[in-house]
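To start, the structure itself, in structure tokens.
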Amino acid sequence: MKYLLTILSIFSSVHLFAQTELIEKHLNSDFYSTQFTGFYLYDPITKEEIYNYNGNKFFIPASNTKIFTLYTAMKMLNDSIPAFKYQLIDDELHIEGTGDPTFLHPKYKNTRAVDFLKNNGSKIVFHWNNFDEESFLPGWTWDDFRKDYAPERSQFPIHENLVSISKNGSSVKTFPTYFEELTEIREMPEPRNFYDNKFYISNKKRTEKVPFIVNETVIEKSLSQILGKPVDMIKTPMVNNPKVFYSQKSDDVYREMMENSDNFLAEHLLILASSTLPGKLSASEIIRYSKRYLLNDLKQQPEWFDGSGLSRYNLFTPQSFAQVLGKMYNEFPEQRLFSIFPIGGKTGTIKNRYKDSAQPYIYAKTGTLNNNVTLSGYLKTKSGRTLIFSLMNNNSIKDLSWIRNENEKLLRIIRDNY
């Protein structure tokens with residue numbers, strides 16, 4: 001018996017060495033030699049660190065940051081999004097924003113919040129005093145201001161804080177309609193002014209979506225037109241113990257954020273999470289709270305600046321992503337979790353990759369910035385194991401599709417051999 005156990009132990013060691021050698025051969029190839037690469041592989045069932053290649057070093061995570069945002073939101077929010085706080089005083093409906101990004105969002109058909117605001121009170125009194133942070137965050141690039149993937153953050157977003165412009169001949173229509181008088185047709189213009197809400201659409205375009213500058217006047221006028229009733233903006237706080245009105249199912253928002261890497265939803269999920277804490281809305285405060293109370297056991301605490309990963313100041317390690325993914329795997333049902341993440345060959349940003357199997361085997365979040373590609377999530381192997389991985393590539397001058405191809409080869413090796 002002792003002899004048999006020795007033989008089995010030797011066989012297991014040889015097999016493990018062969019597996020490790022396959023990964024090392026791939027990561028030590030010429031392809032990866034001119035970039036900074038980190039890879040961490042972990043078994044959440046046995047709690048075994050399977051492979052660690054620069055796993056404790058810090059990388060720019062790009063949209064992998066949304067994994068930390070997702071975990072924080074799932075821990076802090078209920079099954080539905082808090083749309084706003086409210087009190088009905090006489091015939092006035094007093095409201096305060098929570099950062100709900102789904103209000104008149106084109107991808108959500110839930111009109112509960114709009115209907116409630118329309119049907120309660122003859123006037124809306126909006127308490128515009130509970131969000132003091134900047135609209136943009138540290139480490140965002142200055143020219144993102146004109147891009148529809150980087151609208152301003154605010155306490156009460158309307159229509160993703162974007163102006164939708166459509167042109168028919170010399171006629172221009174916008175939503176919100178407040179911006180129609182502020183929009184012009186020009187030949188090859190920049191889509192918006194930097195300092196004020198003035199918008200332009202090229203005479204060669206039919207539609208445009210552009211961020212607007214959020215201020216009291218915009219919210220007051222837009223909301224009044226949408227609801228068909230007066231809206232007064234005041235700076236005084238609401239009295240104690242307002243009620244909370246809930247709108248969209250939370251998992252619908254999480255799924256959209258993760259599948260399509262939606263920066264706007266990510267930033268506002270952090271603000272929403274902060275609405276559950278005392279004090280004003282604050283992404284920086286909920287990040288501090290999450291690091292102190294939800295993620296205090298991470299082996300490497302991240303430099304974490306935003307919810308979306310647009311900031312190049314963000315620095316995370318592959319091991320910390322694996323730890324958070326492990327927490328999620330242990331704390332939430334697998335079926336729910338895997339329905340939120342992009343699915344290889346099926347949904348989201350990896351629907352055109354990992355298609356070489358009849359059954360999905362990758363459930364993971366992508367991340368992309370210039371010169372940086374990341375992917376972290378769950379991998380189902382042919383032997384039936386569910387493994388957690390984080391693969392981060394920084395400072396590469398290669399074509400990003402080429403990097404993704406090589407990363408896909410690595411994950412296939414693990415799928416087939418573990």
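To be explicit about the labels: the chains of the structure tokens are called A, B, and onward in the order shown, and within each one the residues are counted from 1, while ligands get numbers from 1 in the order they are shown.
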Can you write out as JSON lines which residues of region 62-143 of chain A fall within 10 Å of region 332-342 of chain A, alongside each residue's closest atom pair and its distance in Å to one decimal, counting only C-alpha atoms and ordering rows by chain and ascending residue number?
{"residue": "A:Ile67", "atom": "CA", "partner": "A:Phe341", "partner_atom": "CA", "distance": 9.4}
{"residue": "A:Leu70", "atom": "CA", "partner": "A:Ile340", "partner_atom": "CA", "distance": 9.6}
{"residue": "A:Met74", "atom": "CA", "partner": "A:Phe332", "partner_atom": "CA", "distance": 9.1}
{"residue": "A:Lys75", "atom": "CA", "partner": "A:Phe332", "partner_atom": "CA", "distance": 9.9}
Could you please take those selected residues and save C-alpha atoms as a CSV table (one decimal), in the first residue's frame?
chain,number,residue,atom,x,y,z
A,67,ILE,CA,-15.3,43.7,-10.8
A,70,LEU,CA,-19.8,45.0,-9.0
A,74,MET,CA,-23.9,43.6,-4.8
A,75,LYS,CA,-23.0,43.8,-1.1
| task | Output as a ChimeraX atom specification all residues of region 21-154 of chain A that backbone DSSP marks as alpha helix (DSSP H). | result | /A:21-27,65-76,112-119
Can you tell me which residues surround Gly139 (chain A) at a distance of at most 10 Å, considering only C-alpha atoms, apart from same-chain residues fewer than 6 positions away, and format the answer as an mmCIF file with N, CA and C atoms, in the first residue's frame?
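Saved as result-v4.cif:
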data_model
loop_
_atom_site.group_PDB
_atom_site.id
_atom_site.type_symbol
_atom_site.label_atom_id
_atom_site.label_comp_id
_atom_site.auth_asym_id
_atom_site.auth_seq_id
_atom_site.Cartn_x
_atom_site.Cartn_y
_atom_site.Cartn_z
ATOM 1 N N PHE A 305 -9.531 54.465 -7.877
ATOM 2 C CA PHE A 305 -9.971 55.843 -8.035
ATOM 3 C C PHE A 305 -11.352 56.011 -8.662
ATOM 4 N N ASP A 306 -11.852 55.019 -9.388
ATOM 5 C CA ASP A 306 -13.151 55.191 -10.033
ATOM 6 C C ASP A 306 -13.884 53.860 -10.128
ATOM 7 N N GLY A 309 -12.897 52.154 -14.438
ATOM 8 C CA GLY A 309 -11.581 51.788 -14.936
ATOM 9 C C GLY A 309 -11.037 52.742 -15.986
ATOM 10 N N LEU A 310 -11.732 53.865 -16.227
ATOM 11 C CA LEU A 310 -11.208 54.875 -17.155
ATOM 12 C C LEU A 310 -9.933 55.529 -16.629
ATOM 13 N N SER A 311 -9.772 55.564 -15.314
ATOM 14 C CA SER A 311 -8.627 56.251 -14.721
ATOM 15 C C SER A 311 -7.357 55.429 -14.858
ATOM 16 N N ARG A 312 -6.313 56.077 -15.339
ATOM 17 C CA ARG A 312 -5.005 55.420 -15.390
ATOM 18 C C ARG A 312 -4.284 55.495 -14.047
ATOM 19 N N TYR A 313 -4.905 56.103 -13.054
ATOM 20 C CA TYR A 313 -4.335 56.080 -11.713
ATOM 21 C C TYR A 313 -4.638 54.769 -10.990
ATOM 22 N N ASN A 314 -5.637 54.031 -11.451
ATOM 23 C CA ASN A 314 -5.974 52.755 -10.823
ATOM 24 C C ASN A 314 -4.798 51.782 -10.930
#
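Note that CA of Phe116 (chain A) and CA of Leu77 (chain A) are 21.1 Å apart.
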Find the residues of region 41-85 of chain A that sit at most 9 Å from region 362-375 of chain A; for each, write down the nearest two atoms and how far apart they are in Å, to one decimal. Count only C-alpha atoms. Sort by chain, then by number going up, and give it as JSON lines.
{"residue": "A:Ile60", "atom": "CA", "partner": "A:Asn372", "partner_atom": "CA", "distance": 7.4}
{"residue": "A:Pro61", "atom": "CA", "partner": "A:Thr374", "partner_atom": "CA", "distance": 6.3}
{"residue": "A:Ala62", "atom": "CA", "partner": "A:Gly367", "partner_atom": "CA", "distance": 4.8}
{"residue": "A:Ser63", "atom": "CA", "partner": "A:Gly367", "partner_atom": "CA", "distance": 4.1}
{"residue": "A:Asn64", "atom": "CA", "partner": "A:Gly367", "partner_atom": "CA", "distance": 5.2}
{"residue": "A:Thr65", "atom": "CA", "partner": "A:Gly367", "partner_atom": "CA", "distance": 8.1}
{"residue": "A:Lys66", "atom": "CA", "partner": "A:Lys365", "partner_atom": "CA", "distance": 8.0}
{"residue": "A:Ile67", "atom": "CA", "partner": "A:Lys365", "partner_atom": "CA", "distance": 7.4}
Residues just named, written with C-alpha atoms as a PDB file, in the first residue's frame:
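Written file, result_17.pdb:
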ATOM      1  CA  ILE A  60      -3.451  49.301 -14.721  1.00  0.00           C
ATOM      2  CA  PRO A  61      -6.647  47.221 -14.725  1.00  0.00           C
ATOM      3  CA  ALA A  62      -8.790  49.191 -17.223  1.00  0.00           C
ATOM      4  CA  SER A  63     -12.381  47.908 -17.044  1.00  0.00           C
ATOM      5  CA  ASN A  64     -11.468  44.995 -14.790  1.00  0.00           C
ATOM      6  CA  THR A  65     -12.042  47.677 -12.136  1.00  0.00           C
ATOM      7  CA  LYS A  66     -15.746  46.997 -12.688  1.00  0.00           C
ATOM      8  CA  ILE A  67     -15.310  43.684 -10.843  1.00  0.00           C
TER       9      ILE A  67
END
DSSP on the backbone, strand (DSSP E or B) only: what residues of region 248-326 of chain A does that give? Format it as a PDB file with N, CA and C atoms, in the first residue's frame.
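Saved the output as states.pdb:
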ATOM      1  N   GLN A 248     -35.387  49.961 -11.130  1.00  0.00           N
ATOM      2  CA  GLN A 248     -34.952  48.821 -11.931  1.00  0.00           C
ATOM      3  C   GLN A 248     -34.367  47.710 -11.065  1.00  0.00           C
ATOM      4  N   LYS A 249     -34.521  46.449 -11.522  1.00  0.00           N
ATOM      5  CA  LYS A 249     -33.878  45.330 -10.848  1.00  0.00           C
ATOM      6  C   LYS A 249     -32.355  45.500 -10.906  1.00  0.00           C
ATOM      7  N   LEU A 281     -23.680  61.803  -1.123  1.00  0.00           N
ATOM      8  CA  LEU A 281     -23.243  60.833  -2.113  1.00  0.00           C
ATOM      9  C   LEU A 281     -21.763  61.032  -2.405  1.00  0.00           C
ATOM     10  N   GLU A 303      -4.845  50.687  -5.447  1.00  0.00           N
ATOM     11  CA  GLU A 303      -4.999  52.128  -5.638  1.00  0.00           C
ATOM     12  C   GLU A 303      -6.233  52.274  -6.531  1.00  0.00           C
ATOM     13  N   LEU A 315      -4.514  51.089  -9.830  1.00  0.00           N
ATOM     14  CA  LEU A 315      -3.497  50.036  -9.829  1.00  0.00           C
ATOM     15  C   LEU A 315      -3.996  48.869  -8.983  1.00  0.00           C
ATOM     16  N   PHE A 316      -4.087  47.695  -9.599  1.00  0.00           N
ATOM     17  CA  PHE A 316      -4.569  46.488  -8.929  1.00  0.00           C
ATOM     18  C   PHE A 316      -3.639  45.334  -9.271  1.00  0.00           C
TER      19      PHE A 316
END
| task | Please identify all polymer residues within 12 Å of Leu93 (chain A), counting only C-alpha atoms, omitting same-chain residues fewer than 2 positions from it, and present them as a list in words. | result | Phe84, Lys85, Tyr86, Gln87, Leu88, Ile89, Asp90, Asp91, Ile95, Glu96, Phe116, Leu117, Lys118, Asn119, Asn120, Gly121, Ser122, Lys123, Ile124, Val125, Phe126, His127, Lys229, Pro230, Val231, Asp232, Met238, Pro242 and Lys243 of chain A
| field | Residues within 7 Å of Tyr42 (chain A), only C-alpha atoms, excluding chain neighbours under 6 positions, as a PyMOL selection string | value | chain A and resi 48-50+322+387-389
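For the residues A:Asn393, A:Asn129, A:Thr98, A:Gln225, ranking by smallest atom-to-atom distance to Gln35 (chain A) using only C-alpha atoms places A:Asn393 first.
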| task | Can you work out which one of A:Asn161, A:Asn78, A:Ser401, A:Gln300 has the shortest atom-to-atom distance to Ser135 (chain A), counting only C-alpha atoms? | result | A:Asn161
Write out as a tab-separated table the residues of region 134-185 of chain A that have any atom within 12 Å of an atom of region 105-111 of chain A, one row each with the nearest atom pair and its distance in Å to one decimal, counting only C-alpha atoms, sorted by chain and then rising number.
residue	atom	partner	partner_atom	distance
A:Phe156	CA	A:His105	CA	11.9
A:Pro157	CA	A:His105	CA	9.0
A:Ile158	CA	A:His105	CA	7.3
A:His159	CA	A:His105	CA	4.7
A:Glu160	CA	A:His105	CA	5.8
A:Asn161	CA	A:His105	CA	9.1
A:Leu162	CA	A:His105	CA	9.6
A:Val163	CA	A:His105	CA	11.6
A:Ser164	CA	A:Pro106	CA	10.4
A:Phe175	CA	A:Pro106	CA	10.9
A:Pro176	CA	A:His105	CA	11.5
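Nearest-residue note for Leu41 (chain A): choosing from A:Leu22, A:Ile414, A:Leu277, A:Leu223, the minimum distance belongs to A:Ile414, counting only C-alpha atoms.
Between CA of Asn330 (chain A) and CA of Lys346 (chain A) the interatomic distance comes to 24.3 Å.
Shortest atom-to-atom contact with Asp100 (chain A) among A:Ile81, A:Asp297, A:Pro278, A:Arg255: A:Ile81, counting only C-alpha atoms.
For the choices A:Lys209, A:Lys327, A:His268, A:Arg415, the atom-to-atom distance to Thr381 (chain A) is smallest for A:Arg415 when using only C-alpha atoms.
Among the candidate residues A:Lys235, A:His26, A:His94, A:Arg385, the one lying nearest to Ile45 (chain A) is A:Arg385, with distances computed using only C-alpha atoms.
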Contact table region 165-277 of chain A vs region 146-154 of chain A, cut-off 10 Å, shortest pair per residue, only C-alpha atoms, as CSV:
residue,atom,partner,partner_atom,distance
A:Glu190,CA,A:Arg146,CA,8.3
A:Pro191,CA,A:Arg146,CA,6.9
A:Arg192,CA,A:Arg146,CA,6.7
A:Asn193,CA,A:Arg146,CA,8.7
A:Phe194,CA,A:Arg146,CA,8.2
A:Glu208,CA,A:Asp148,CA,9.3
A:Lys209,CA,A:Asp148,CA,6.2
A:Val210,CA,A:Asp148,CA,5.5
A:Pro211,CA,A:Pro151,CA,4.9
A:Phe212,CA,A:Pro151,CA,7.2
A:Ile213,CA,A:Glu152,CA,7.0
A:Val214,CA,A:Glu152,CA,7.0
A:Asn215,CA,A:Ser154,CA,9.0
A:Ser261,CA,A:Tyr149,CA,9.7
A:Asp262,CA,A:Tyr149,CA,7.4
A:Asn263,CA,A:Tyr149,CA,6.3
A:Phe264,CA,A:Ala150,CA,6.7
A:Leu265,CA,A:Arg153,CA,9.7
A:Glu267,CA,A:Arg153,CA,7.0
A:His268,CA,A:Arg153,CA,6.9
A:Ile271,CA,A:Ser154,CA,8.6
| field | Atomic separation - CA of Asn260 (chain A) relative to CA of Ile350 (chain A), Å | value | 9.5 Å
| message | Need the shell around Leu270 (chain A): protein/DNA/RNA residues with any atom at most 9 Å away, counting only C-alpha atoms. Skip same-chain ones fewer than 2 positions apart. Format as an MDAnalysis selection string? | response | chainID A and resid 69:70 72:73 99 265:268 272:275 282:284 286:287 306:307
Could the residues in this selection be saved with all heavy atoms as a short mmCIF file (atom, residue, chain, number, x, y, z; two decimals), in the first residue's frame?
data_model
loop_
_atom_site.label_atom_id
_atom_site.label_comp_id
_atom_site.auth_asym_id
_atom_site.auth_seq_id
_atom_site.Cartn_x
_atom_site.Cartn_y
_atom_site.Cartn_z
N THR A 69 -16.26 47.18 -8.47
CA THR A 69 -17.51 47.94 -8.40
C THR A 69 -18.70 47.00 -8.25
O THR A 69 -19.60 47.25 -7.43
CB THR A 69 -17.67 48.79 -9.67
OG1 THR A 69 -16.57 49.70 -9.76
CG2 THR A 69 -18.98 49.57 -9.66
N LEU A 70 -18.70 45.92 -9.02
CA LEU A 70 -19.79 44.96 -8.96
C LEU A 70 -19.90 44.35 -7.56
O LEU A 70 -21.00 44.27 -6.99
CB LEU A 70 -19.57 43.85 -9.99
CG LEU A 70 -20.57 42.69 -9.96
CD1 LEU A 70 -21.96 43.17 -10.34
CD2 LEU A 70 -20.11 41.56 -10.89
N THR A 72 -18.86 45.50 -4.69
CA THR A 72 -19.32 46.51 -3.72
C THR A 72 -20.81 46.75 -3.85
O THR A 72 -21.54 46.80 -2.84
CB THR A 72 -18.54 47.82 -3.92
OG1 THR A 72 -17.13 47.56 -3.76
CG2 THR A 72 -18.97 48.88 -2.93
N ALA A 73 -21.30 46.90 -5.08
CA ALA A 73 -22.73 47.14 -5.29
C ALA A 73 -23.57 45.95 -4.83
O ALA A 73 -24.62 46.14 -4.19
CB ALA A 73 -22.99 47.44 -6.77
N GLY A 99 -28.27 58.97 -7.41
CA GLY A 99 -27.34 58.58 -8.46
C GLY A 99 -27.87 57.50 -9.38
O GLY A 99 -27.11 56.93 -10.17
N LEU A 265 -22.82 53.35 -16.11
CA LEU A 265 -23.47 52.53 -15.08
C LEU A 265 -22.50 52.22 -13.95
O LEU A 265 -22.87 52.25 -12.77
CB LEU A 265 -24.00 51.24 -15.69
CG LEU A 265 -25.13 51.37 -16.71
CD1 LEU A 265 -25.55 50.00 -17.24
CD2 LEU A 265 -26.34 52.10 -16.13
N ALA A 266 -21.26 51.93 -14.29
CA ALA A 266 -20.27 51.60 -13.26
C ALA A 266 -20.06 52.75 -12.29
O ALA A 266 -20.05 52.56 -11.06
CB ALA A 266 -18.95 51.20 -13.91
N GLU A 267 -19.86 53.95 -12.84
CA GLU A 267 -19.63 55.10 -11.97
C GLU A 267 -20.83 55.35 -11.05
O GLU A 267 -20.67 55.67 -9.86
CB GLU A 267 -19.33 56.34 -12.79
CG GLU A 267 -18.07 56.26 -13.64
CD GLU A 267 -16.81 55.97 -12.84
OE1 GLU A 267 -16.81 56.16 -11.61
OE2 GLU A 267 -15.82 55.56 -13.45
N HIS A 268 -22.02 55.20 -11.58
CA HIS A 268 -23.20 55.50 -10.78
C HIS A 268 -23.58 54.37 -9.83
O HIS A 268 -24.26 54.61 -8.83
CB HIS A 268 -24.35 55.91 -11.68
CG HIS A 268 -24.20 57.31 -12.19
ND1 HIS A 268 -23.44 57.61 -13.31
CD2 HIS A 268 -24.62 58.50 -11.69
CE1 HIS A 268 -23.44 58.92 -13.48
NE2 HIS A 268 -24.14 59.48 -12.52
N LEU A 272 -24.60 55.05 -6.15
CA LEU A 272 -25.77 54.40 -5.56
C LEU A 272 -25.41 53.67 -4.26
O LEU A 272 -26.13 53.76 -3.26
CB LEU A 272 -26.37 53.39 -6.54
CG LEU A 272 -27.29 53.93 -7.62
CD1 LEU A 272 -27.56 52.85 -8.65
CD2 LEU A 272 -28.61 54.41 -7.02
N ALA A 273 -24.30 52.94 -4.29
CA ALA A 273 -23.87 52.23 -3.08
C ALA A 273 -23.61 53.21 -1.94
O ALA A 273 -23.91 52.93 -0.78
CB ALA A 273 -22.62 51.39 -3.38
N SER A 274 -23.07 54.38 -2.28
CA SER A 274 -22.79 55.37 -1.24
C SER A 274 -24.07 55.95 -0.65
O SER A 274 -24.07 56.48 0.46
CB SER A 274 -21.90 56.50 -1.78
OG SER A 274 -22.63 57.43 -2.55
N SER A 275 -25.19 55.87 -1.40
CA SER A 275 -26.47 56.40 -0.90
C SER A 275 -26.99 55.60 0.29
O SER A 275 -27.89 56.05 0.99
CB SER A 275 -27.52 56.42 -2.01
OG SER A 275 -28.03 55.12 -2.29
N SER A 282 -21.01 59.93 -2.44
CA SER A 282 -19.57 60.06 -2.63
C SER A 282 -18.97 58.74 -3.09
O SER A 282 -18.97 57.77 -2.33
CB SER A 282 -18.89 60.51 -1.34
OG SER A 282 -17.49 60.44 -1.45
N ALA A 283 -18.47 58.72 -4.32
CA ALA A 283 -17.78 57.53 -4.81
C ALA A 283 -16.51 57.28 -4.00
O ALA A 283 -16.18 56.14 -3.68
CB ALA A 283 -17.45 57.69 -6.29
N SER A 284 -15.78 58.34 -3.68
CA SER A 284 -14.54 58.17 -2.92
C SER A 284 -14.82 57.60 -1.53
O SER A 284 -14.05 56.79 -1.01
CB SER A 284 -13.78 59.49 -2.81
OG SER A 284 -14.56 60.49 -2.19
N ILE A 286 -17.41 55.59 -0.68
CA ILE A 286 -17.79 54.17 -0.76
C ILE A 286 -16.58 53.31 -1.10
O ILE A 286 -16.47 52.17 -0.67
CB ILE A 286 -18.94 53.95 -1.77
CG1 ILE A 286 -19.60 52.57 -1.54
CG2 ILE A 286 -18.48 54.06 -3.19
CD1 ILE A 286 -20.26 52.39 -0.21
N ILE A 287 -15.62 53.86 -1.86
CA ILE A 287 -14.39 53.12 -2.12
C ILE A 287 -13.63 52.91 -0.81
O ILE A 287 -13.15 51.80 -0.52
CB ILE A 287 -13.51 53.85 -3.15
CG1 ILE A 287 -14.13 53.71 -4.55
CG2 ILE A 287 -12.08 53.32 -3.14
CD1 ILE A 287 -13.45 54.53 -5.62
N ASP A 306 -11.85 55.02 -9.39
CA ASP A 306 -13.15 55.19 -10.03
C ASP A 306 -13.88 53.86 -10.13
O ASP A 306 -13.37 52.82 -9.72
CB ASP A 306 -13.00 55.85 -11.41
CG ASP A 306 -12.31 54.97 -12.45
OD1 ASP A 306 -12.03 53.79 -12.16
OD2 ASP A 306 -12.04 55.46 -13.57
N GLY A 307 -15.10 53.90 -10.67
CA GLY A 307 -15.90 52.69 -10.77
C GLY A 307 -15.74 51.97 -12.08
O GLY A 307 -15.98 50.76 -12.17
#
